[in-house]
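Asks: Sharing a structure with you now.
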Amino acid sequence: MNFNIVKNQVKRLGFVYNGVHHIYTFYLSCLKNWKRFKCRERIYSYGDDNPDKTFYVIGVNHTSAGLFAIVKSIGCHVIYAIQKGYIPVIDMQNFRSQLNDGVNEGNAWEAYYKQPCNYGLGDIKHSKNIVVSSSLPYPDGVEIGFDTTLDKNSYDKYHDLFKQYIVPNVAVATYADMKYANVIADKKQVLGVLCRGTDYTENKPVGHSIQPSPQQAIDKVREVMAEQGFEYVFLATEDKKIFDHFKHEFGDKLLFSGQKLYDGMNGKKYLSEIPVSCSAEKWQNIVDYYATIYILSKCDGLVAGLTCGSICSYFMTDGYEYVYFWNLGKY
């Protein structure tokens, strides 16, 4: 065998690989830059009203995101607006999410939450200074990362955000308080547990946090109850199999909000794709989920996988006696 020929062939292949790699890297860079350009902020003027104010219209399409993934994204845009001296206005009338059935059907955000600064789209339609947000889920420099969840500065910052700007409307707040009173009543030492299943664990979305198995969760809950003296378990889950596991283990010590449980995905990829009979049912399902996370935030302790729901619960609470998040890596 002529080793010089082999050596030359390998060298040529290396040149070809490096060339293709550089071209592909350049292509990805161009694609990323094009996406950022396409999704950039835009500045508009629709009249002469409010010349002393700049409104920041938050418009992001959240086609498959759950409620608290949406809330987490909106919260980051609100922080960005406040930092810039803008007044945030959330637009879910002209942008699609699971909170509405389509486009131009009213501002779906207001069916669940108040506007952050009490300005709606109708209030600013003739305003002089309007910035429409980037349509990316997170604005430059602001993102609630899972790795910062237990950081004290992050807690203070995002807790204040939820208290001041991410506020449920009267109907949702009243319903959540009623649910809390019915489920928790005068019970003390309640350990809140969030355990995701269904579309999250079936799809294993790339880059998202790996969730504990039901048995891992049960084992940890028993350990924490024994060590910390918790008497009850409040379970936040949408998965019927997980609920059945916990009910078998904890019996009358298990508390549950009554949120809708799913026994499989019925051929759908995301929970948001499972059809409902009417808009009222969709509203009820979402409000029940909000109430569940609200109750979770009112528990005395928290044991949870890292999800948008558990993180929002952590920032909604006025303080847990005990907190444990599984950090099992990423899918």
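Chain labels follow the order of the structure tokens: the first chain is A, the next B, and so on; residue numbering restarts at 1 in every chain, and ligands are counted from 1 in their shown order.
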Pick out the residues sitting within 8 Å of Val303 in chain A, and hand them over as an MDAnalysis selection string; count only C-alpha atoms, and ignore anything fewer than 6 positions along from it in its own chain.
Replies: chainID A and resid 191:194 221 323:326
Asks: Need to verify the contact set: Ser209 in chain A, 7 Å, only C-alpha atoms, exclusion of same-chain residues closer than 5 positions in sequence. Can you return it as a PDB file with N, CA and C atoms, in the first residue's frame?
Replies:
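Once written, around-v1.pdb looks like this:
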ATOM      1  N   LEU A 306     -37.979  20.932  37.632  1.00  0.00           N
ATOM      2  CA  LEU A 306     -37.825  22.273  37.074  1.00  0.00           C
ATOM      3  C   LEU A 306     -38.704  22.425  35.839  1.00  0.00           C
ATOM      4  N   LEU A 328     -31.866  17.213  37.112  1.00  0.00           N
ATOM      5  CA  LEU A 328     -31.488  15.934  36.518  1.00  0.00           C
ATOM      6  C   LEU A 328     -30.888  16.078  35.131  1.00  0.00           C
ATOM      7  N   GLY A 329     -30.521  17.294  34.763  1.00  0.00           N
ATOM      8  CA  GLY A 329     -29.980  17.526  33.433  1.00  0.00           C
ATOM      9  C   GLY A 329     -31.068  17.883  32.441  1.00  0.00           C
ATOM     10  N   LYS A 330     -30.714  17.860  31.165  1.00  0.00           N
ATOM     11  CA  LYS A 330     -31.631  18.256  30.092  1.00  0.00           C
ATOM     12  C   LYS A 330     -31.936  17.074  29.176  1.00  0.00           C
ATOM     13  N   TYR A 331     -33.109  17.126  28.567  1.00  0.00           N
ATOM     14  CA  TYR A 331     -33.437  16.122  27.548  1.00  0.00           C
ATOM     15  C   TYR A 331     -32.593  16.360  26.301  1.00  0.00           C
TER      16      TYR A 331
END
Asks: Quick one: DSSP strand (DSSP E) residues in range 21-267 of chain A, as a list in words?
Replies: Arg42, Ile43, Tyr44, Phe55, Tyr56, Val57, Ile58, Ile87, Pro88, Val89, Ile90, Ile130, Val131, Val132, Val190, Leu191, Gly192, Val193, Leu194, Tyr232, Val233, Phe234, Leu235, Ala236, Leu254, Leu255 and Phe256 of chain A
Asks: Print the selection's residues with N, CA and C atoms to a file, as a PDB file, in the first residue's frame.
Replies:
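Done, and the output landed in result_33.pdb:
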ATOM      1  N   ARG A  42     -40.081  46.989  16.500  1.00  0.00           N
ATOM      2  CA  ARG A  42     -40.500  47.967  15.497  1.00  0.00           C
ATOM      3  C   ARG A  42     -41.100  49.183  16.201  1.00  0.00           C
ATOM      4  N   ILE A  43     -40.881  50.346  15.613  1.00  0.00           N
ATOM      5  CA  ILE A  43     -41.349  51.606  16.199  1.00  0.00           C
ATOM      6  C   ILE A  43     -42.450  52.194  15.321  1.00  0.00           C
ATOM      7  N   TYR A  44     -43.562  52.577  15.961  1.00  0.00           N
ATOM      8  CA  TYR A  44     -44.710  53.119  15.231  1.00  0.00           C
ATOM      9  C   TYR A  44     -45.212  54.385  15.921  1.00  0.00           C
ATOM     10  N   PHE A  55     -45.083  53.405  24.849  1.00  0.00           N
ATOM     11  CA  PHE A  55     -45.731  52.127  25.157  1.00  0.00           C
ATOM     12  C   PHE A  55     -44.979  50.983  24.465  1.00  0.00           C
ATOM     13  N   TYR A  56     -44.793  49.923  25.206  1.00  0.00           N
ATOM     14  CA  TYR A  56     -44.092  48.741  24.694  1.00  0.00           C
ATOM     15  C   TYR A  56     -45.119  47.626  24.552  1.00  0.00           C
ATOM     16  N   VAL A  57     -45.536  47.355  23.324  1.00  0.00           N
ATOM     17  CA  VAL A  57     -46.563  46.345  23.064  1.00  0.00           C
ATOM     18  C   VAL A  57     -45.897  44.980  22.961  1.00  0.00           C
ATOM     19  N   ILE A  58     -46.249  44.101  23.869  1.00  0.00           N
ATOM     20  CA  ILE A  58     -45.646  42.762  23.921  1.00  0.00           C
ATOM     21  C   ILE A  58     -46.469  41.833  23.039  1.00  0.00           C
ATOM     22  N   ILE A  87     -43.869  51.695  29.004  1.00  0.00           N
ATOM     23  CA  ILE A  87     -45.067  51.184  29.666  1.00  0.00           C
ATOM     24  C   ILE A  87     -45.505  49.911  28.936  1.00  0.00           C
ATOM     25  N   PRO A  88     -45.449  48.744  29.586  1.00  0.00           N
ATOM     26  CA  PRO A  88     -45.798  47.504  28.897  1.00  0.00           C
ATOM     27  C   PRO A  88     -47.307  47.346  28.694  1.00  0.00           C
ATOM     28  N   VAL A  89     -47.669  46.881  27.499  1.00  0.00           N
ATOM     29  CA  VAL A  89     -49.061  46.558  27.159  1.00  0.00           C
ATOM     30  C   VAL A  89     -49.032  45.197  26.461  1.00  0.00           C
ATOM     31  N   ILE A  90     -49.755  44.227  26.995  1.00  0.00           N
ATOM     32  CA  ILE A  90     -49.686  42.863  26.469  1.00  0.00           C
ATOM     33  C   ILE A  90     -50.768  42.661  25.409  1.00  0.00           C
ATOM     34  N   ILE A 130     -44.945  54.232  20.115  1.00  0.00           N
ATOM     35  CA  ILE A 130     -45.240  52.822  20.356  1.00  0.00           C
ATOM     36  C   ILE A 130     -44.068  51.971  19.859  1.00  0.00           C
ATOM     37  N   VAL A 131     -43.586  51.130  20.737  1.00  0.00           N
ATOM     38  CA  VAL A 131     -42.565  50.144  20.364  1.00  0.00           C
ATOM     39  C   VAL A 131     -43.231  48.767  20.433  1.00  0.00           C
ATOM     40  N   VAL A 132     -43.229  48.048  19.312  1.00  0.00           N
ATOM     41  CA  VAL A 132     -43.740  46.674  19.304  1.00  0.00           C
ATOM     42  C   VAL A 132     -42.563  45.753  19.573  1.00  0.00           C
ATOM     43  N   VAL A 190     -48.241  21.713  54.943  1.00  0.00           N
ATOM     44  CA  VAL A 190     -48.586  21.117  53.649  1.00  0.00           C
ATOM     45  C   VAL A 190     -47.373  21.225  52.722  1.00  0.00           C
ATOM     46  N   LEU A 191     -46.937  20.097  52.204  1.00  0.00           N
ATOM     47  CA  LEU A 191     -45.832  20.058  51.249  1.00  0.00           C
ATOM     48  C   LEU A 191     -46.396  20.043  49.832  1.00  0.00           C
ATOM     49  N   GLY A 192     -46.079  21.069  49.053  1.00  0.00           N
ATOM     50  CA  GLY A 192     -46.516  21.125  47.669  1.00  0.00           C
ATOM     51  C   GLY A 192     -45.562  20.352  46.776  1.00  0.00           C
ATOM     52  N   VAL A 193     -46.133  19.598  45.850  1.00  0.00           N
ATOM     53  CA  VAL A 193     -45.333  18.774  44.934  1.00  0.00           C
ATOM     54  C   VAL A 193     -45.835  19.004  43.518  1.00  0.00           C
ATOM     55  N   LEU A 194     -44.933  19.351  42.616  1.00  0.00           N
ATOM     56  CA  LEU A 194     -45.292  19.444  41.201  1.00  0.00           C
ATOM     57  C   LEU A 194     -44.599  18.319  40.460  1.00  0.00           C
ATOM     58  N   TYR A 232     -49.225  16.893  55.188  1.00  0.00           N
ATOM     59  CA  TYR A 232     -50.052  16.682  54.004  1.00  0.00           C
ATOM     60  C   TYR A 232     -49.225  16.904  52.742  1.00  0.00           C
ATOM     61  N   VAL A 233     -49.730  16.337  51.645  1.00  0.00           N
ATOM     62  CA  VAL A 233     -49.101  16.521  50.333  1.00  0.00           C
ATOM     63  C   VAL A 233     -50.131  17.132  49.390  1.00  0.00           C
ATOM     64  N   PHE A 234     -49.817  18.297  48.867  1.00  0.00           N
ATOM     65  CA  PHE A 234     -50.650  18.877  47.802  1.00  0.00           C
ATOM     66  C   PHE A 234     -49.968  18.578  46.475  1.00  0.00           C
ATOM     67  N   LEU A 235     -50.667  17.859  45.600  1.00  0.00           N
ATOM     68  CA  LEU A 235     -50.085  17.429  44.333  1.00  0.00           C
ATOM     69  C   LEU A 235     -50.591  18.279  43.179  1.00  0.00           C
ATOM     70  N   ALA A 236     -49.652  18.838  42.428  1.00  0.00           N
ATOM     71  CA  ALA A 236     -49.973  19.545  41.187  1.00  0.00           C
ATOM     72  C   ALA A 236     -49.517  18.663  40.030  1.00  0.00           C
ATOM     73  N   LEU A 254     -53.313  13.084  50.864  1.00  0.00           N
ATOM     74  CA  LEU A 254     -53.100  13.731  49.563  1.00  0.00           C
ATOM     75  C   LEU A 254     -54.197  14.760  49.317  1.00  0.00           C
ATOM     76  N   LEU A 255     -53.786  15.970  48.978  1.00  0.00           N
ATOM     77  CA  LEU A 255     -54.706  17.050  48.629  1.00  0.00           C
ATOM     78  C   LEU A 255     -54.568  17.347  47.142  1.00  0.00           C
ATOM     79  N   PHE A 256     -55.684  17.688  46.500  1.00  0.00           N
ATOM     80  CA  PHE A 256     -55.677  17.899  45.053  1.00  0.00           C
ATOM     81  C   PHE A 256     -56.703  18.966  44.705  1.00  0.00           C
TER      82      PHE A 256
END
Asks: In Å, with one decimal, what is the gap from CA of Ile293 in chain A to CA of Gly309 in chain A?
Replies: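 If I compute the distance from CA of Ile293 in chain A to CA of Gly309 in chain A, I get 6.7 Å.
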Asks: I'd like the neighbourhood of Glu238 in chain A as JSON, numbers by chain, where a residue qualifies if any of its atoms comes within 10 Å (using only C-alpha atoms), though same-chain residues fewer than 5 positions away should be ignored.
Replies: {"A": [194, 195, 196, 197, 198, 199, 243, 258, 259, 260, 261, 262, 263, 271, 289]}
Asks: Give the helix (DSSP H, G or I) residues of range 28-197 of chain A, as DSSP finds them on the backbone, and put them as a PyMOL selection string.
Replies: chain A and resi 28-38+67-84+108-111+121-124+146-148+152-164+170-183
Asks: Excluding Asn61 in chain A and any residue of its chain fewer than 3 positions from it, enumerate the residues within 12 Å of it, using only C-alpha atoms, and give them as a PyMOL selection string.
Replies: chain A and resi 39+58+64-65+69-70+73-74+90-100+102-103+133-138
Asks: Go ahead and write the selection's residues with C-alpha atoms as a PDB file, in the first residue's frame.
Replies:
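Ended up saving to out-v9.pdb:
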ATOM      1  CA  CYS A  39     -38.276  39.336  14.761  1.00  0.00           C
ATOM      2  CA  ILE A  58     -45.646  42.762  23.921  1.00  0.00           C
ATOM      3  CA  SER A  64     -47.681  25.375  21.798  1.00  0.00           C
ATOM      4  CA  ALA A  65     -46.501  26.872  25.111  1.00  0.00           C
ATOM      5  CA  ALA A  69     -44.303  29.268  29.841  1.00  0.00           C
ATOM      6  CA  ILE A  70     -46.291  32.170  28.391  1.00  0.00           C
ATOM      7  CA  SER A  73     -41.932  34.940  28.619  1.00  0.00           C
ATOM      8  CA  ILE A  74     -44.317  37.868  29.172  1.00  0.00           C
ATOM      9  CA  ILE A  90     -49.686  42.863  26.469  1.00  0.00           C
ATOM     10  CA  ASP A  91     -51.232  42.002  23.087  1.00  0.00           C
ATOM     11  CA  MET A  92     -52.822  38.570  22.801  1.00  0.00           C
ATOM     12  CA  GLN A  93     -55.403  39.786  20.349  1.00  0.00           C
ATOM     13  CA  ASN A  94     -53.138  39.926  17.309  1.00  0.00           C
ATOM     14  CA  PHE A  95     -50.752  37.146  18.334  1.00  0.00           C
ATOM     15  CA  ARG A  96     -51.581  33.482  18.713  1.00  0.00           C
ATOM     16  CA  SER A  97     -51.342  31.361  21.857  1.00  0.00           C
ATOM     17  CA  GLN A  98     -53.301  28.597  23.538  1.00  0.00           C
ATOM     18  CA  LEU A  99     -55.061  31.292  25.584  1.00  0.00           C
ATOM     19  CA  ASN A 100     -57.155  32.185  22.559  1.00  0.00           C
ATOM     20  CA  GLY A 102     -57.202  32.221  17.023  1.00  0.00           C
ATOM     21  CA  VAL A 103     -56.378  35.764  16.033  1.00  0.00           C
ATOM     22  CA  SER A 133     -41.611  44.049  21.006  1.00  0.00           C
ATOM     23  CA  SER A 134     -39.358  41.538  19.372  1.00  0.00           C
ATOM     24  CA  SER A 135     -41.470  38.476  18.609  1.00  0.00           C
ATOM     25  CA  LEU A 136     -38.868  36.226  20.234  1.00  0.00           C
ATOM     26  CA  PRO A 137     -39.945  34.668  23.569  1.00  0.00           C
ATOM     27  CA  TYR A 138     -37.257  36.567  25.477  1.00  0.00           C
TER      28      TYR A 138
END
Asks: When distances are computed from only C-alpha atoms, which of A:Val71, A:Lys53, A:Asp160, A:Gly59 shows the smallest separation from Ser127 in chain A?
Replies: A:Lys53
Asks: What lies within 12 Å of Gly75 in chain A using only C-alpha atoms, ignoring chain neighbours under 3 positions off, as a ChimeraX atom specification?
Replies: /A:58,68-72,78-82,88-90,115-116,137-139,142-144,157-167,308,312,315
Asks: How would the residues just picked look written out with C-alpha atoms as a JSON list (two decimals), in the first residue's frame?
Replies:
[["chain", "number", "residue", "atom", "x", "y", "z"],
["A", 58, "ILE", "CA", -45.65, 42.76, 23.92],
["A", 68, "PHE", "CA", -46.75, 29.51, 32.72],
["A", 69, "ALA", "CA", -44.30, 29.27, 29.84],
["A", 70, "ILE", "CA", -46.29, 32.17, 28.39],
["A", 71, "VAL", "CA", -46.29, 34.00, 31.75],
["A", 72, "LYS", "CA", -42.52, 33.49, 32.09],
["A", 78, "VAL", "CA", -42.29, 43.38, 31.15],
["A", 79, "ILE", "CA", -38.94, 43.61, 32.97],
["A", 80, "TYR", "CA", -37.27, 44.72, 29.74],
["A", 81, "ALA", "CA", -39.92, 47.42, 29.22],
["A", 82, "ILE", "CA", -39.61, 48.75, 32.77],
["A", 88, "PRO", "CA", -45.80, 47.50, 28.90],
["A", 89, "VAL", "CA", -49.06, 46.56, 27.16],
["A", 90, "ILE", "CA", -49.69, 42.86, 26.47],
["A", 115, "GLN", "CA", -52.67, 44.64, 32.08],
["A", 116, "PRO", "CA", -49.38, 45.42, 33.92],
["A", 137, "PRO", "CA", -39.95, 34.67, 23.57],
["A", 138, "TYR", "CA", -37.26, 36.57, 25.48],
["A", 139, "PRO", "CA", -35.90, 40.06, 24.82],
["A", 142, "VAL", "CA", -33.60, 39.24, 30.05],
["A", 143, "GLU", "CA", -34.51, 35.60, 30.65],
["A", 144, "ILE", "CA", -35.67, 33.72, 33.74],
["A", 157, "LYS", "CA", -36.47, 40.54, 41.45],
["A", 158, "TYR", "CA", -39.02, 38.13, 40.03],
["A", 159, "HIS", "CA", -41.14, 37.95, 43.18],
["A", 160, "ASP", "CA", -41.58, 41.72, 42.92],
["A", 161, "LEU", "CA", -42.41, 41.32, 39.22],
["A", 162, "PHE", "CA", -45.26, 38.89, 39.95],
["A", 163, "LYS", "CA", -46.62, 40.94, 42.83],
["A", 164, "GLN", "CA", -46.70, 44.19, 40.87],
["A", 165, "TYR", "CA", -47.18, 43.35, 37.21],
["A", 166, "ILE", "CA", -48.35, 39.72, 36.68],
["A", 167, "VAL", "CA", -51.65, 39.99, 38.53],
["A", 308, "CYS", "CA", -42.20, 26.87, 34.09],
["A", 312, "CYS", "CA", -43.56, 30.64, 38.61],
["A", 315, "PHE", "CA", -41.64, 33.42, 42.45]]
Asks: Given only C-alpha atoms as the basis, pick out the residue of A:Asn129, A:Asn169, A:Asp318, A:Leu67 nearest to Lys114 in chain A.
Replies: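 Among the listed residues, A:Asn169 lies closest to Lys114 in chain A.
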